[in-house]
Amino acid sequence: MKKINVITSGICILCCPYLQANEINIYGLGHLSADNIDDGLTSNIYVTSNSSRLGFNGEFTLDDNVKVIFQYESGIDFTGQGGNDGNGGAESSGQLFTKTRPSYIGFQGEFGKALIGHMPFLDQWVNDYNLFADQVGDLGNLWEASGIPGRSDNVIHYKSPIYSGMSITASYVPEEGVKDADYYLLKGNYTNDKLKLGLAYTNIGKTGLSNNEQTGYALTIGYYDDAYSLGGGFQQESKVNGIRNNDRTSVSLGASLTMGKKGKLKLQVANSTSDLEQSDATQFAIGYDYKLAQHTIIYIAYAFMDNDRNVKFSVNGKGHGDKVVPVLGDDPSALSIGVIYHFDYKVL
């Protein structure tokens with residue numbers, strides 16, 4: 001015991017001069033599943049790590065009105081396969097840590113929040129009402145497949161204070177040496193006890209050989225009751241990937257029903273239509289979540305994608321490991337059994 005106290009004291013002496021935060025939290029989420037994926041030609045079983053993560057966040061008070069806030073978050077791959085763990089893709093074969101997730105440093109006060117870092121972009125609205133986030137059948141399989149990034153590097157972000165349930169966010173990514181390649185996003189939010197509304201607009205700058213800017217806007221709605229929830233969204237994209245006459249319209253509708261004290265039945269349908277010939281798709285997902293313990297959920301989910309002849313949308317791509325991309329026109333499906341464990345622990 002005396003030896004342990006000496007070691008602990010030494011650690012404190014080394015760390016305390018640099019540990020000036022008023023609050024530090026460590027948090028994480030582990031999400032593993034066994035999936036039977038049919039790409040339309042063959043069927044295979046996969047063990048997948050799905051957007052698992054580990055992070056630290058906290059704050060330091062400068063004065064009565066302003067705080068420095070921070071978050072450092074990394075993707076985790078429990079399978080160690082690397083590159084395909086639902087965290088955005090990174091060459092990390094054999095490694096536990098994969099790709100940077102939302103991470104930033106900034107200021108918070110009566111003015112709101114001002115942040116710089118790697119942060120959500122389209123993910124600011126695709127998950128407003130998404131009953132299968134990071135599972136097979138994720139709404140992002142359709143909504144996040146046309147060039148608007150889910151998260152982005154080098155983001156300058158502002159979030160206003162909440163007034164009567166309303167707030168505004170603004171995100172900007174600078175050119176960084178590539179002319180007219182900057183892009184931005186504006187989003188309005190409204191929430192009360194049961195209702196959540198979102199309205200977003202984004203402009204994606206010129207990239208590659210394109211001289212056109214891609215634009216998009218979205219409307220999301222969710223209504224939450226103790227016994228059920230209803231919600232959906234609408235997304236319109238123009239000049240997808242900078243190509244003229246290449247617009248895409250996506251809609252979604254979902255519902256959940258509480259079953260007993262711990263269960264929830266979920267159903268979600270999403271459709272995406274394009275100006276291009278034979279380039280539409282529809283996704284169906286049904287699932288059941290069961291709260292095994294305070295921090296643990298087990299679930300079963302089934303999803304199916306109906307692709308037109310000229311598209312190949314995945315049914316297990318967004319936020320989910322072992323993404324399987326079908327050939328053009330094939331219709332993938334997936335049956336998934338998974339477990340999710342999350343924690344949030346205050347260190348200081």
# chains A, B, ... in the order shown; residues from 1 in each chain; ligands from 1

$ residues_around --residues "stretch 63-69 of chain A" --least-positions-apart "2" --cutoff "10 Å" --atoms "only C-alpha atoms" --output "mmCIF file with N, CA and C atoms, in the first residue's frame"
data_model
loop_
_atom_site.group_PDB
_atom_site.id
_atom_site.type_symbol
_atom_site.label_atom_id
_atom_site.label_comp_id
_atom_site.auth_asym_id
_atom_site.auth_seq_id
_atom_site.Cartn_x
_atom_site.Cartn_y
_atom_site.Cartn_z
ATOM 1 N N ALA A 21 -7.953 21.769 -16.082
ATOM 2 C CA ALA A 21 -9.372 21.786 -16.418
ATOM 3 C C ALA A 21 -10.228 21.725 -15.164
ATOM 4 N N ASN A 22 -11.387 22.389 -15.219
ATOM 5 C CA ASN A 22 -12.359 22.283 -14.142
ATOM 6 C C ASN A 22 -13.074 20.943 -14.175
ATOM 7 N N GLU A 23 -13.181 20.378 -15.380
ATOM 8 C CA GLU A 23 -13.911 19.120 -15.533
ATOM 9 C C GLU A 23 -13.318 18.318 -16.673
ATOM 10 N N ILE A 24 -13.114 17.027 -16.463
ATOM 11 C CA ILE A 24 -12.672 16.102 -17.503
ATOM 12 C C ILE A 24 -13.533 14.845 -17.429
ATOM 13 N N ASN A 57 -13.594 14.646 -22.946
ATOM 14 C CA ASN A 57 -14.018 16.031 -23.101
ATOM 15 C C ASN A 57 -13.977 16.730 -21.750
ATOM 16 N N GLY A 58 -14.044 18.041 -21.794
ATOM 17 C CA GLY A 58 -13.988 18.784 -20.550
ATOM 18 C C GLY A 58 -14.022 20.270 -20.797
ATOM 19 N N GLU A 59 -13.761 21.025 -19.719
ATOM 20 C CA GLU A 59 -13.830 22.475 -19.815
ATOM 21 C C GLU A 59 -12.915 23.117 -18.772
ATOM 22 N N PHE A 60 -12.539 24.360 -19.053
ATOM 23 C CA PHE A 60 -11.755 25.159 -18.118
ATOM 24 C C PHE A 60 -12.330 26.567 -18.111
ATOM 25 N N THR A 61 -12.690 27.065 -16.950
ATOM 26 C CA THR A 61 -13.305 28.376 -16.827
ATOM 27 C C THR A 61 -12.250 29.477 -16.854
ATOM 28 N N GLN A 71 -12.765 18.469 -26.872
ATOM 29 C CA GLN A 71 -13.151 17.064 -27.033
ATOM 30 C C GLN A 71 -12.143 16.390 -27.946
ATOM 31 N N TYR A 104 -12.408 18.764 -31.124
ATOM 32 C CA TYR A 104 -12.339 20.216 -31.278
ATOM 33 C C TYR A 104 -11.790 20.870 -30.022
ATOM 34 N N ILE A 105 -11.447 22.147 -30.166
ATOM 35 C CA ILE A 105 -11.164 23.046 -29.056
ATOM 36 C C ILE A 105 -11.894 24.350 -29.364
ATOM 37 N N GLY A 106 -12.469 24.988 -28.333
ATOM 38 C CA GLY A 106 -13.194 26.219 -28.588
ATOM 39 C C GLY A 106 -13.595 26.932 -27.317
ATOM 40 N N PHE A 107 -14.534 27.855 -27.463
ATOM 41 C CA PHE A 107 -14.983 28.688 -26.358
ATOM 42 C C PHE A 107 -16.501 28.610 -26.227
ATOM 43 N N GLN A 108 -16.969 28.701 -24.995
ATOM 44 C CA GLN A 108 -18.401 28.693 -24.718
ATOM 45 C C GLN A 108 -18.727 29.795 -23.725
ATOM 46 N N GLY A 109 -19.816 30.507 -24.013
ATOM 47 C CA GLY A 109 -20.242 31.575 -23.119
ATOM 48 C C GLY A 109 -21.662 31.986 -23.438
ATOM 49 N N GLU A 110 -22.033 33.186 -22.998
ATOM 50 C CA GLU A 110 -23.368 33.680 -23.278
ATOM 51 C C GLU A 110 -23.594 33.854 -24.775
ATOM 52 N N PHE A 111 -22.527 33.970 -25.550
ATOM 53 C CA PHE A 111 -22.613 34.118 -27.001
ATOM 54 C C PHE A 111 -22.895 32.799 -27.700
ATOM 55 N N GLY A 112 -22.773 31.678 -27.002
ATOM 56 C CA GLY A 112 -22.934 30.363 -27.598
ATOM 57 C C GLY A 112 -21.635 29.583 -27.571
ATOM 58 N N LYS A 113 -21.364 28.815 -28.644
ATOM 59 C CA LYS A 113 -20.135 28.034 -28.751
ATOM 60 C C LYS A 113 -19.425 28.366 -30.056
ATOM 61 N N ALA A 114 -18.104 28.540 -29.990
ATOM 62 C CA ALA A 114 -17.277 28.740 -31.177
ATOM 63 C C ALA A 114 -16.176 27.691 -31.143
ATOM 64 N N LEU A 115 -16.116 26.829 -32.178
ATOM 65 C CA LEU A 115 -15.236 25.666 -32.158
ATOM 66 C C LEU A 115 -14.433 25.568 -33.453
#

$ select_by_dssp --residues "stretch 126-343 of chain A" --states "strand (DSSP E)" --output "PyMOL selection string"
chain A and resi 151-159+166-173+183-191+195-204+214-224+228-238+248-259+263-274+281-293+296-307+333-343

$ residues_around --residues "A:Arg151" --least-positions-apart "2" --cutoff "7 Å" --atoms "only C-alpha atoms" --output "PyMOL selection string"
chain A and resi 119-123+149

$ atom_distance --atom1 "atom CA of A:Asp306" --atom2 "atom CA of A:Lys264"
25.5 Å

$ atom_distance --atom1 "atom CA of A:Lys194" --atom2 "atom CA of A:Asp226"
9.3 Å
